[in-house]
file run07.cif (mmCIF, C-alpha atoms and all ligand atoms)
data_target
#
loop_
_atom_site.label_atom_id
_atom_site.label_comp_id
_atom_site.auth_asym_id
_atom_site.auth_seq_id
_atom_site.Cartn_x
_atom_site.Cartn_y
_atom_site.Cartn_z
CA MET A 1287 31.95 -15.18 1.88
CA ASP A 1288 31.61 -18.88 2.66
CA TYR A 1289 28.17 -20.39 3.21
CA ASN A 1290 27.40 -23.94 4.34
CA ILE A 1291 24.16 -25.20 2.87
CA SER A 1292 22.49 -28.48 3.77
CA ILE A 1293 20.91 -29.88 0.64
CA ILE A 1294 18.04 -32.37 0.90
CA PRO A 1295 17.12 -33.66 -2.57
CA GLY A 1296 14.50 -36.04 -1.13
CA ASP A 1297 12.18 -38.13 -3.30
CA GLY A 1298 10.42 -38.03 -6.67
CA ILE A 1299 11.38 -34.92 -8.66
CA GLY A 1300 13.37 -33.61 -5.65
CA PRO A 1301 16.84 -34.63 -6.93
CA GLU A 1302 16.12 -33.21 -10.42
CA ILE A 1303 14.97 -29.78 -9.26
CA ILE A 1304 17.72 -29.52 -6.64
CA ALA A 1305 20.40 -30.30 -9.25
CA GLU A 1306 19.19 -27.34 -11.36
CA THR A 1307 19.06 -25.06 -8.34
CA VAL A 1308 22.64 -25.93 -7.40
CA LYS A 1309 23.68 -25.05 -10.97
CA VAL A 1310 22.15 -21.59 -10.51
CA LEU A 1311 23.67 -21.10 -7.03
CA ASP A 1312 27.10 -22.08 -8.35
CA LYS A 1313 26.78 -19.43 -11.05
CA VAL A 1314 25.83 -16.86 -8.38
CA GLY A 1315 28.88 -17.94 -6.35
CA GLU A 1316 31.14 -17.55 -9.37
CA LYS A 1317 29.79 -14.12 -10.34
CA TYR A 1318 29.68 -12.58 -6.87
CA LYS A 1319 32.72 -14.42 -5.40
CA HIS A 1320 30.95 -16.49 -2.77
CA SER A 1321 31.67 -20.04 -1.91
CA PHE A 1322 28.61 -22.23 -1.36
CA ASN A 1323 29.57 -25.50 0.32
CA TYR A 1324 26.93 -28.21 0.10
CA THR A 1325 26.33 -31.16 2.41
CA GLU A 1326 23.78 -33.61 1.10
CA LEU A 1327 21.38 -35.06 3.66
CA LEU A 1328 18.84 -37.87 3.45
CA MET A 1329 15.23 -37.20 4.36
CA GLY A 1330 11.89 -38.74 3.46
CA GLY A 1331 11.53 -42.02 1.56
CA VAL A 1332 15.20 -42.24 0.56
CA SER A 1333 16.14 -41.95 4.21
CA ILE A 1334 13.65 -44.67 5.19
CA ASP A 1335 15.15 -46.99 2.59
CA ALA A 1336 18.71 -46.29 3.73
CA THR A 1337 18.31 -45.96 7.52
CA GLY A 1338 14.80 -47.08 8.50
CA VAL A 1339 13.72 -43.60 9.62
CA PRO A 1340 12.64 -40.50 7.62
CA LEU A 1341 15.27 -38.26 9.30
CA THR A 1342 18.19 -39.43 11.40
CA ASP A 1343 19.42 -37.49 14.44
CA GLU A 1344 22.76 -37.00 12.66
CA ALA A 1345 21.09 -35.50 9.59
CA LEU A 1346 19.10 -33.13 11.78
CA GLN A 1347 22.25 -32.14 13.67
CA THR A 1348 24.08 -31.41 10.42
CA ALA A 1349 21.12 -29.28 9.28
CA LYS A 1350 21.23 -27.36 12.58
CA ASN A 1351 24.93 -26.69 12.16
CA SER A 1352 24.59 -25.29 8.65
CA ASP A 1353 23.83 -21.74 7.53
CA SER A 1354 20.71 -22.80 5.70
CA VAL A 1355 18.76 -25.80 4.42
CA LEU A 1356 17.50 -26.25 0.86
CA LEU A 1357 14.92 -28.98 0.32
CA GLY A 1358 13.56 -30.51 -2.90
CA ALA A 1359 10.51 -32.53 -1.88
CA ILE A 1360 9.75 -35.73 -0.04
CA GLY A 1361 7.13 -38.43 -0.27
CA GLY A 1362 5.97 -41.03 -2.75
CA ASN A 1363 2.82 -42.17 -4.38
CA VAL A 1364 0.56 -42.47 -1.35
CA GLY A 1365 -1.62 -45.24 -2.83
CA GLN A 1366 1.27 -47.39 -4.02
CA SER A 1367 4.46 -46.85 -2.07
CA ASN A 1368 5.44 -49.19 0.80
CA TRP A 1369 6.47 -46.12 2.81
CA TYR A 1370 2.78 -45.53 3.57
CA SER A 1371 2.22 -48.93 5.18
CA LEU A 1372 4.60 -47.78 7.96
CA PRO A 1373 3.29 -46.15 11.18
CA PRO A 1374 2.72 -42.37 10.69
CA ASN A 1375 5.85 -41.39 12.66
CA LEU A 1376 8.04 -43.40 10.27
CA ARG A 1377 6.52 -42.17 7.00
CA PRO A 1378 8.34 -39.70 4.70
CA GLU A 1379 6.30 -36.65 5.83
CA ALA A 1380 7.35 -37.25 9.46
CA GLY A 1381 10.84 -36.17 8.38
CA LEU A 1382 9.48 -32.80 7.34
CA LEU A 1383 7.70 -32.27 10.65
CA ALA A 1384 10.84 -33.35 12.52
CA ILE A 1385 13.12 -30.92 10.71
CA ARG A 1386 10.68 -28.00 11.12
CA LYS A 1387 10.45 -28.73 14.84
CA GLY A 1388 14.18 -29.43 15.23
CA LEU A 1389 15.12 -26.13 13.61
CA ASN A 1390 12.46 -24.28 15.64
CA LEU A 1391 10.85 -22.78 12.55
CA PHE A 1392 7.75 -20.78 13.45
CA ALA A 1393 7.16 -18.60 10.41
CA ASN A 1394 6.30 -19.75 6.92
CA ILE A 1395 6.57 -17.35 4.03
CA ARG A 1396 4.93 -18.04 0.71
CA PRO A 1397 5.31 -15.49 -2.05
CA ALA A 1398 2.48 -15.02 -4.54
CA ILE A 1399 4.14 -13.57 -7.60
CA LEU A 1400 2.41 -13.30 -10.93
CA PHE A 1401 5.00 -13.02 -13.65
CA ASN A 1402 3.82 -10.86 -16.52
CA GLU A 1403 4.76 -13.62 -18.96
CA LEU A 1404 2.47 -16.14 -17.22
CA LYS A 1405 -0.58 -13.94 -16.95
CA SER A 1406 -2.66 -16.37 -18.98
CA ALA A 1407 -2.39 -18.92 -16.13
CA CYS A 1408 -3.98 -16.49 -13.66
CA PRO A 1409 -7.70 -17.05 -13.08
CA LEU A 1410 -8.29 -13.33 -12.31
CA ARG A 1411 -9.54 -10.74 -14.78
CA GLU A 1412 -7.01 -8.75 -16.83
CA ASP A 1413 -8.05 -5.41 -15.26
CA ILE A 1414 -7.47 -6.85 -11.78
CA ILE A 1415 -4.07 -8.31 -12.64
CA GLY A 1416 -2.71 -5.11 -14.24
CA ASP A 1417 1.01 -5.61 -14.75
CA GLY A 1418 1.15 -8.48 -12.24
CA PHE A 1419 1.40 -8.68 -8.44
CA ASP A 1420 3.98 -9.66 -5.87
CA PHE A 1421 3.10 -10.24 -2.22
CA VAL A 1422 3.95 -12.77 0.49
CA VAL A 1423 1.80 -14.51 3.04
CA MET A 1424 3.58 -14.95 6.34
CA ARG A 1425 1.90 -17.63 8.43
CA GLU A 1426 2.55 -18.55 12.05
CA LEU A 1427 3.38 -22.26 12.04
CA THR A 1428 3.59 -23.61 15.57
CA GLY A 1429 0.67 -22.16 17.56
CA GLY A 1430 -3.03 -21.43 17.35
CA LEU A 1431 -5.90 -23.77 16.74
CA TYR A 1432 -3.82 -26.61 15.29
CA PHE A 1433 -1.74 -26.91 18.44
CA GLY A 1434 -4.28 -26.08 21.18
CA ASP A 1435 -5.92 -28.63 23.50
CA ARG A 1436 -8.85 -30.44 21.96
CA TRP A 1437 -11.36 -32.99 23.09
CA THR A 1438 -14.63 -34.62 22.11
CA LYS A 1439 -17.08 -35.70 24.78
CA GLU A 1440 -20.73 -35.97 25.49
CA VAL A 1441 -22.26 -32.81 26.91
CA ASP A 1442 -25.93 -32.88 27.91
CA GLY A 1443 -26.40 -36.03 25.86
CA LEU A 1444 -24.84 -34.54 22.69
CA ARG A 1445 -21.47 -35.44 21.17
CA THR A 1446 -19.53 -32.19 21.47
CA ALA A 1447 -16.09 -31.31 20.10
CA THR A 1448 -13.85 -28.49 21.33
CA ASP A 1449 -10.67 -27.00 19.86
CA THR A 1450 -8.79 -24.22 21.59
CA LEU A 1451 -6.97 -21.31 19.96
CA VAL A 1452 -4.11 -20.06 22.11
CA TYR A 1453 -1.44 -17.46 21.40
CA ASN A 1454 0.83 -15.77 23.91
CA GLU A 1455 2.53 -12.41 23.39
CA VAL A 1456 5.96 -13.93 22.78
CA GLU A 1457 4.66 -16.10 19.94
CA ILE A 1458 3.01 -13.09 18.33
CA ALA A 1459 5.93 -10.71 18.85
CA ARG A 1460 8.54 -13.00 17.30
CA ILE A 1461 6.63 -13.53 14.06
CA ALA A 1462 5.60 -9.87 13.87
CA LYS A 1463 9.30 -8.95 14.06
CA GLN A 1464 10.08 -11.33 11.21
CA ALA A 1465 7.26 -9.80 9.14
CA PHE A 1466 8.61 -6.28 9.63
CA GLU A 1467 12.14 -7.45 8.80
CA ILE A 1468 10.90 -9.09 5.60
CA ALA A 1469 8.85 -5.98 4.71
CA ARG A 1470 12.00 -3.86 5.07
CA LYS A 1471 13.52 -5.86 2.24
CA ARG A 1472 10.39 -5.35 0.13
CA ARG A 1473 7.90 -2.47 -0.26
CA LYS A 1474 7.72 -1.79 3.50
CA LYS A 1475 4.06 -2.62 4.10
CA VAL A 1476 2.67 -5.15 6.58
CA CYS A 1477 -1.03 -6.04 6.59
CA SER A 1478 -1.81 -7.95 9.77
CA VAL A 1479 -4.84 -10.20 9.30
CA ASP A 1480 -7.06 -11.32 12.19
CA LYS A 1481 -10.63 -11.66 13.40
CA ALA A 1482 -10.37 -9.03 16.13
CA ASN A 1483 -14.09 -8.27 16.01
CA VAL A 1484 -14.75 -11.74 17.49
CA LEU A 1485 -11.65 -13.44 18.91
CA ASP A 1486 -9.62 -12.54 21.99
CA SER A 1487 -6.53 -14.16 20.47
CA SER A 1488 -6.92 -11.78 17.50
CA ARG A 1489 -7.25 -8.75 19.76
CA LEU A 1490 -3.98 -9.68 21.46
CA TRP A 1491 -2.45 -10.33 18.03
CA ARG A 1492 -3.42 -6.80 16.93
CA GLN A 1493 -2.16 -5.19 20.14
CA VAL A 1494 1.24 -6.92 20.14
CA THR A 1495 1.75 -6.32 16.42
CA LYS A 1496 1.17 -2.60 17.00
CA GLU A 1497 3.71 -2.61 19.85
CA ILE A 1498 6.34 -4.24 17.63
CA ALA A 1499 5.54 -1.78 14.83
CA LYS A 1500 6.96 1.03 16.99
CA ASP A 1501 10.44 -0.40 16.35
CA TYR A 1502 9.84 -0.21 12.61
CA PRO A 1503 8.69 3.36 11.88
CA ASP A 1504 9.74 2.98 8.25
CA VAL A 1505 7.23 0.15 7.71
CA GLU A 1506 3.52 0.86 7.32
CA LEU A 1507 1.22 -1.39 9.38
CA THR A 1508 -2.46 -1.93 8.57
CA ASP A 1509 -4.98 -4.39 10.01
CA MET A 1510 -7.57 -6.34 8.07
CA LEU A 1511 -10.22 -8.84 9.07
CA VAL A 1512 -9.62 -12.27 7.60
CA ASP A 1513 -12.95 -12.48 5.76
CA ASN A 1514 -12.21 -9.19 4.04
CA CYS A 1515 -8.66 -10.31 3.24
CA ALA A 1516 -9.98 -13.45 1.51
CA MET A 1517 -12.04 -11.16 -0.74
CA GLN A 1518 -9.31 -8.57 -1.28
CA ILE A 1519 -6.83 -11.20 -2.54
CA VAL A 1520 -9.08 -11.85 -5.53
CA LYS A 1521 -10.43 -8.29 -5.83
CA ASP A 1522 -7.20 -6.31 -5.66
CA PRO A 1523 -4.08 -8.45 -4.98
CA ARG A 1524 -1.78 -5.57 -5.96
CA GLN A 1525 -2.54 -3.74 -2.69
CA PHE A 1526 -0.57 -6.29 -0.62
CA ASP A 1527 3.12 -6.53 0.22
CA VAL A 1528 3.45 -8.69 3.39
CA ILE A 1529 0.32 -10.35 4.80
CA LEU A 1530 1.01 -11.43 8.38
CA THR A 1531 -1.36 -13.85 10.04
CA GLU A 1532 -1.87 -16.72 12.47
CA ASN A 1533 -1.73 -20.42 11.68
CA MET A 1534 -5.19 -21.36 10.45
CA PHE A 1535 -5.94 -18.10 8.65
CA GLY A 1536 -2.52 -18.40 7.00
CA ASP A 1537 -3.14 -21.98 5.98
CA ILE A 1538 -6.22 -20.92 4.04
CA LEU A 1539 -5.00 -17.55 2.71
CA SER A 1540 -1.66 -18.92 1.49
CA ASP A 1541 -3.48 -21.55 -0.60
CA GLU A 1542 -5.81 -18.90 -1.97
CA ALA A 1543 -2.81 -16.71 -2.78
CA SER A 1544 -1.05 -19.54 -4.60
CA MET A 1545 -4.15 -20.28 -6.65
CA VAL A 1546 -4.25 -16.76 -8.05
CA THR A 1547 -0.69 -17.11 -9.37
CA GLY A 1548 -1.82 -20.03 -11.49
CA SER A 1549 1.05 -22.51 -11.46
CA ILE A 1550 2.31 -24.86 -8.76
CA GLY A 1551 5.73 -25.24 -10.37
CA MET A 1552 6.48 -21.54 -9.73
CA LEU A 1553 5.70 -21.30 -6.01
CA ALA A 1554 8.59 -20.89 -3.59
CA SER A 1555 8.48 -21.02 0.19
CA ALA A 1556 10.64 -20.38 3.24
CA SER A 1557 10.32 -21.28 6.89
CA LEU A 1558 12.16 -19.16 9.42
CA GLY A 1559 12.80 -19.13 13.16
CA ASP A 1560 14.60 -16.71 15.46
CA SER A 1561 17.98 -17.07 13.79
CA LYS A 1562 19.08 -16.62 10.19
CA LEU A 1563 18.94 -20.38 9.60
CA GLY A 1564 15.92 -21.17 7.44
CA LEU A 1565 14.40 -24.04 5.47
CA TYR A 1566 13.74 -23.22 1.82
CA GLU A 1567 11.62 -25.43 -0.40
CA PRO A 1568 9.14 -25.29 -3.24
CA SER A 1569 5.47 -25.29 -2.21
CA HIS A 1570 4.74 -28.35 -4.34
CA GLY A 1571 5.36 -32.00 -3.48
CA SER A 1572 7.53 -34.73 -4.98
CA ALA A 1573 5.29 -35.19 -8.08
CA PRO A 1574 5.89 -38.95 -8.39
CA ASP A 1575 3.80 -38.94 -11.59
CA ILE A 1576 6.53 -37.08 -13.51
CA ALA A 1577 9.66 -38.09 -11.53
CA GLY A 1578 12.70 -39.06 -13.60
CA GLN A 1579 11.15 -37.78 -16.85
CA ASN A 1580 12.92 -34.41 -17.12
CA LYS A 1581 9.50 -32.70 -17.00
CA ALA A 1582 9.54 -30.99 -13.60
CA ASN A 1583 9.64 -27.22 -13.42
CA PRO A 1584 12.68 -26.28 -11.28
CA ILE A 1585 11.67 -22.60 -10.95
CA ALA A 1586 9.88 -22.91 -7.57
CA THR A 1587 13.05 -24.37 -6.07
CA ILE A 1588 15.29 -21.82 -7.79
CA LEU A 1589 13.09 -19.00 -6.44
CA SER A 1590 13.26 -20.63 -2.98
CA ALA A 1591 17.04 -20.45 -3.26
CA ALA A 1592 16.69 -16.74 -4.08
CA MET A 1593 14.75 -16.33 -0.84
CA MET A 1594 17.56 -18.13 0.97
CA LEU A 1595 20.11 -15.69 -0.45
CA ARG A 1596 17.95 -12.74 0.66
CA TYR A 1597 16.67 -13.83 4.07
CA SER A 1598 19.36 -16.17 5.44
CA PHE A 1599 22.47 -14.64 3.87
CA ASP A 1600 21.37 -11.00 3.36
CA LEU A 1601 22.58 -11.23 -0.25
CA ASP A 1602 19.86 -9.00 -1.69
CA GLU A 1603 21.57 -8.14 -4.95
CA GLU A 1604 22.30 -11.81 -5.66
CA ALA A 1605 18.67 -12.73 -4.88
CA ASP A 1606 17.43 -10.01 -7.21
CA ARG A 1607 19.69 -11.37 -9.92
CA VAL A 1608 18.25 -14.89 -9.63
CA GLU A 1609 14.69 -13.54 -9.85
CA TRP A 1610 15.68 -11.37 -12.79
CA ALA A 1611 17.24 -14.40 -14.54
CA VAL A 1612 13.99 -16.35 -14.14
CA ARG A 1613 12.03 -13.46 -15.64
CA GLU A 1614 14.46 -13.17 -18.56
CA VAL A 1615 14.12 -16.85 -19.44
CA LEU A 1616 10.32 -16.59 -19.28
CA LYS A 1617 10.45 -13.42 -21.37
CA LYS A 1618 12.42 -15.29 -24.03
CA GLY A 1619 9.56 -17.79 -24.23
CA TYR A 1620 11.05 -20.89 -22.61
CA ARG A 1621 8.55 -23.04 -20.69
CA THR A 1622 8.44 -26.38 -18.93
CA VAL A 1623 5.37 -28.44 -19.69
CA ASP A 1624 3.33 -27.26 -16.67
CA ILE A 1625 3.46 -23.61 -17.83
CA MET A 1626 3.58 -24.22 -21.58
CA SER A 1627 1.31 -22.18 -23.84
CA PRO A 1628 1.11 -21.85 -27.66
CA GLY A 1629 3.93 -19.92 -29.31
CA ASN A 1630 6.50 -20.70 -26.61
CA THR A 1631 9.42 -23.15 -26.58
CA LEU A 1632 9.05 -26.33 -24.53
CA VAL A 1633 12.14 -27.29 -22.49
CA GLY A 1634 12.95 -30.00 -19.94
CA THR A 1635 14.04 -29.59 -16.33
CA ASP A 1636 17.76 -29.57 -17.12
CA LYS A 1637 17.51 -27.10 -20.00
CA MET A 1638 15.43 -24.72 -17.86
CA GLY A 1639 18.17 -24.86 -15.19
CA ASP A 1640 20.88 -24.24 -17.81
CA LEU A 1641 19.00 -21.27 -19.26
CA ILE A 1642 18.47 -19.60 -15.88
CA ALA A 1643 22.08 -20.25 -14.84
CA SER A 1644 23.32 -18.71 -18.07
CA GLU A 1645 21.36 -15.51 -17.42
CA ILE A 1646 23.07 -15.05 -14.02
P1 LIG B 1 2.46 -32.60 -5.83
O1 LIG B 1 2.66 -31.17 -5.56
O2 LIG B 1 3.66 -33.46 -5.74
O3 LIG B 1 1.84 -32.79 -7.31
C1 LIG B 1 0.57 -32.26 -7.70
C2 LIG B 1 0.53 -32.11 -9.23
O4 LIG B 1 1.36 -31.03 -9.63
C3 LIG B 1 1.07 -33.33 -9.96
O5 LIG B 1 0.34 -33.54 -11.15
C4 LIG B 1 2.50 -32.97 -10.30
O6 LIG B 1 2.99 -33.61 -11.46
C5 LIG B 1 2.40 -31.46 -10.49
N1 LIG B 1 3.65 -30.79 -10.09
C6 LIG B 1 4.10 -30.61 -8.82
N2 LIG B 1 5.28 -29.98 -8.83
C7 LIG B 1 5.59 -29.76 -10.13
C8 LIG B 1 6.70 -29.15 -10.78
N3 LIG B 1 7.75 -28.64 -10.12
N4 LIG B 1 6.70 -29.12 -12.13
C9 LIG B 1 5.67 -29.61 -12.84
N5 LIG B 1 4.59 -30.19 -12.28
C10 LIG B 1 4.56 -30.27 -10.94
O7 LIG B 1 1.31 -33.12 -4.85
P2 LIG B 1 0.77 -34.58 -4.58
O8 LIG B 1 0.73 -35.37 -5.88
O9 LIG B 1 -0.45 -34.40 -3.81
O10 LIG B 1 1.84 -35.25 -3.63
C11 LIG B 1 2.89 -36.12 -4.06
C12 LIG B 1 3.79 -36.46 -2.89
O11 LIG B 1 4.42 -35.28 -2.41
C13 LIG B 1 3.02 -37.03 -1.68
O12 LIG B 1 3.79 -38.08 -1.14
C14 LIG B 1 2.93 -35.86 -0.72
O13 LIG B 1 2.83 -36.27 0.61
C15 LIG B 1 4.24 -35.18 -0.99
N6 LIG B 1 4.30 -33.75 -0.61
C16 LIG B 1 5.49 -33.31 -0.15
C17 LIG B 1 5.65 -31.98 0.16
C18 LIG B 1 7.00 -31.53 0.64
O14 LIG B 1 7.97 -32.21 0.45
N7 LIG B 1 7.10 -30.35 1.25
C19 LIG B 1 4.60 -31.08 -0.01
C20 LIG B 1 3.39 -31.55 -0.55
C21 LIG B 1 3.26 -32.91 -0.85
#
call {"tool": "encode", "arguments": {"input": "run07.cif", "output": "structure tokens", "more": "lines below"}}
Ligand code: NAD
result
Amino acid sequence: MDYNISIIPGDGIGPEIIAETVKVLDKVGEKYKHSFNYTELLMGGVSIDATGVPLTDEALQTAKNSDSVLLGAIGGNVGQSNWYSLPPNLRPEAGLLAIRKGLNLFANIRPAILFNELKSACPLREDIIGDGFDFVVMRELTGGLYFGDRWTKEVDGLRTATDTLVYNEVEIARIAKQAFEIARKRRKKVCSVDKANVLDSSRLWRQVTKEIAKDYPDVELTDMLVDNCAMQIVKDPRQFDVILTENMFGDILSDEASMVTGSIGMLASASLGDSKLGLYEPSHGSAPDIAGQNKANPIATILSAAMMLRYSFDLDEEADRVEWAVREVLKKGYRTVDIMSPGNTLVGTDKMGDLIASEI
């Protein structure tokens, strides 16, 4: 099959980690007889330098017309770069918001995978970790408290601030469907997280999620209150497969989930909408402190590409192979500096990419 992928290297370590990911994808293409066609787009600081804006309309249009978008990272050193003396809508991060909005991406998926070989980086106790864990947090991205009406005014002589949390049934149903679809490709369990003992929006969330579940009898649905979920992630992370939740709860839980995996250079992410077109990127930023030094860990981006193969292209076997290749390289003791520990072999960004590609 032929796939058209928009590639956005971006700023800082972005170009380095994307180059390694393309190496791995090309190997997948060769082995499984697919043709991945790449179109490179500018976004972030490099786009500002070249065009004056963080994302041009043409670049966004090209992204919309592709089968999927793979992003490195954008942004510079906030204290030092000239990009941050620009108005907020012209700064690098505005490109990211524009592409998420332009592609109508409403669901963010962040896997929390603890590789057996990296157990020492996990802050949890050995008996809790067991042989590692593998779950995803699926967060609604475009509704809820962050997008509701808000105001601050004086009420009865007191400064009073109000934020509103709104969800309608369509917004809940579309992300619930995505969660069940994703669960079907995993261990077939969705845990919907809310605060239904207090919030109306959570009660509707629970109701609609249950309605959607009827179309997925092969997937088990459970509900959990968000305060309990925050505890369960550190008490027994192995119980989870897909955690589905609204915007603010997801914001907090996905950071908690990434913390328990231990290393920022390993964390992939995907943002999806109604169609198969998704935006895949590592969870970390552009790491200007190590850019151009061959020190960046490309694994988060390579694992994001694996998610792209699975969720946008339905190439499950190929995705499994990429994840397997990462595990093999870790098993053989190769580490970039961020995950290095005594007794292992230190490698640079390019060597890590070569090693993973060669395992494909
Ligand atoms: P960061 O994630 O870039 O870096 C935090 C720390 O982690 C740094 O010490 C960095 O060296 C290290 N690190 C990050 N990724 C790594 C990797 N792959 N391998 C090894 N080490 C890695 O966060 P920050 O320093 O707060 O932000 C830097 C820039 O990135 C800012 O301009 C910020 O706005 C931007 N940013 C972009 C995105 C994105 O593109 N989606 C996300 C977050 C931050």
call {"tool": "closest_atom_pairs", "arguments": {"input": "run07.cif", "of": "chain A", "to": "ligand LIG 1 (chain B)", "cutoff": "8 Å", "atoms": "all atoms listed in the file", "output": "CSV"}}
result
residue,atom,partner,partner_atom,distance
A:Gly1296,CA,B:LIG1,O14,7.7
A:Gly1298,CA,B:LIG1,C12,7.8
A:Ile1299,CA,B:LIG1,N3,7.4
A:Ile1303,CA,B:LIG1,N3,7.4
A:Leu1357,CA,B:LIG1,O14,7.7
A:Gly1358,CA,B:LIG1,O14,6.7
A:Ala1359,CA,B:LIG1,O14,3.5
A:Ile1360,CA,B:LIG1,O14,4.0
A:Gly1361,CA,B:LIG1,O12,3.5
A:Gly1362,CA,B:LIG1,O12,4.0
A:Asn1363,CA,B:LIG1,O12,5.3
A:Val1364,CA,B:LIG1,O12,5.5
A:Pro1378,CA,B:LIG1,O12,7.6
A:Glu1379,CA,B:LIG1,O13,6.3
A:Leu1382,CA,B:LIG1,N7,7.0
A:Ile1550,CA,B:LIG1,N2,5.9
A:Gly1551,CA,B:LIG1,N3,4.0
A:Met1552,CA,B:LIG1,N3,7.2
A:Glu1567,CA,B:LIG1,N7,6.9
A:Pro1568,CA,B:LIG1,N7,7.1
A:Ser1569,CA,B:LIG1,C19,6.3
A:His1570,CA,B:LIG1,O1,3.7
A:Gly1571,CA,B:LIG1,O2,3.2
A:Ser1572,CA,B:LIG1,O11,4.1
A:Ala1573,CA,B:LIG1,O2,3.3
A:Pro1574,CA,B:LIG1,C11,6.0
A:Asp1575,CA,B:LIG1,O6,5.4
A:Ile1576,CA,B:LIG1,O6,5.4
A:Lys1581,CA,B:LIG1,C9,6.4
A:Ala1582,CA,B:LIG1,N4,3.7
A:Asn1583,CA,B:LIG1,N4,3.7
A:Pro1584,CA,B:LIG1,N3,5.6
A:Ile1585,CA,B:LIG1,N3,7.2
A:Ala1586,CA,B:LIG1,N3,6.6
A:Thr1587,CA,B:LIG1,N3,7.9
A:Thr1622,CA,B:LIG1,C9,7.4
A:Val1623,CA,B:LIG1,C9,7.0
A:Asp1624,CA,B:LIG1,C9,5.1
call {"tool": "closest_residue", "arguments": {"input": "run07.cif", "among": "A:Trp1437, A:Phe1419, A:Tyr1453, A:Tyr1566", "to": "A:Val1494", "atoms": "all atoms listed in the file"}}
result
A:Tyr1453
call {"tool": "residues_around", "arguments": {"input": "run07.cif", "residues": "stretch 1512-1529 of chain A", "least_positions_apart": "2", "cutoff": "10 Å", "atoms": "all atoms listed in the file", "output": "MDAnalysis selection string"}}
result
chainID A and resid 1395:1398 1409:1411 1413:1425 1465:1466 1468:1470 1472:1482 1507:1510 1531 1535:1536 1538:1540 1542:1543 1545:1546
call {"tool": "residues_around", "arguments": {"input": "run07.cif", "residues": "A:Leu1616", "least_positions_apart": "2", "cutoff": "12 Å", "atoms": "all atoms listed in the file", "output": "PyMOL selection string"}}
result
chain A and resi 1400-1405+1552+1585+1609-1614+1618-1622+1625-1627+1630-1633+1638+1641-1642+1645
call {"tool": "closest_residue", "arguments": {"input": "run07.cif", "among": "A:Glu1455, A:Asp1288, A:Asp1537, A:Asp1312", "to": "A:Ala1591", "atoms": "all atoms listed in the file"}}
result
A:Asp1312
call {"tool": "closest_residue", "arguments": {"input": "run07.cif", "among": "A:Val1339, A:Met1329, A:Thr1446, A:Lys1387", "to": "A:Pro1373", "atoms": "all atoms listed in the file"}}
result
A:Val1339
call {"tool": "atom_distance", "arguments": {"input": "run07.cif", "atom1": "atom CA of A:Asp1636", "atom2": "atom CA of A:Glu1302"}}
result
7.8 Å
call {"tool": "build_atoms", "arguments": {"input": "run07.cif", "residues": "stretch 1623-1634 of chain A", "atoms": "N, CA and C atoms", "output": "short mmCIF file (atom, residue, chain, number, x, y, z; two decimals), in the frame of the given file"}}
result
data_model
loop_
_atom_site.label_atom_id
_atom_site.label_comp_id
_atom_site.auth_asym_id
_atom_site.auth_seq_id
_atom_site.Cartn_x
_atom_site.Cartn_y
_atom_site.Cartn_z
N VAL A 1623 6.69 -28.02 -19.20
CA VAL A 1623 5.37 -28.44 -19.69
C VAL A 1623 4.21 -27.89 -18.86
N ASP A 1624 4.42 -27.72 -17.55
CA ASP A 1624 3.33 -27.26 -16.67
C ASP A 1624 2.91 -25.81 -16.96
N ILE A 1625 3.81 -25.02 -17.56
CA ILE A 1625 3.46 -23.61 -17.83
C ILE A 1625 3.47 -23.31 -19.33
N MET A 1626 3.49 -24.37 -20.13
CA MET A 1626 3.58 -24.22 -21.58
C MET A 1626 2.31 -23.59 -22.15
N SER A 1627 2.46 -22.70 -23.11
CA SER A 1627 1.31 -22.18 -23.84
C SER A 1627 1.74 -21.98 -25.30
N PRO A 1628 0.78 -21.93 -26.23
CA PRO A 1628 1.11 -21.85 -27.66
C PRO A 1628 2.07 -20.69 -27.97
N GLY A 1629 3.00 -20.97 -28.87
CA GLY A 1629 3.93 -19.92 -29.31
C GLY A 1629 5.21 -19.89 -28.50
N ASN A 1630 5.29 -20.66 -27.43
CA ASN A 1630 6.50 -20.70 -26.61
C ASN A 1630 7.32 -21.95 -26.90
N THR A 1631 8.53 -22.02 -26.31
CA THR A 1631 9.42 -23.15 -26.58
C THR A 1631 9.44 -24.09 -25.38
N LEU A 1632 9.10 -25.35 -25.61
CA LEU A 1632 9.05 -26.33 -24.53
C LEU A 1632 10.47 -26.82 -24.20
N VAL A 1633 10.83 -26.77 -22.91
CA VAL A 1633 12.14 -27.29 -22.49
C VAL A 1633 11.97 -28.22 -21.30
N GLY A 1634 12.97 -29.08 -21.08
CA GLY A 1634 12.95 -30.00 -19.94
C GLY A 1634 13.53 -29.33 -18.71
#
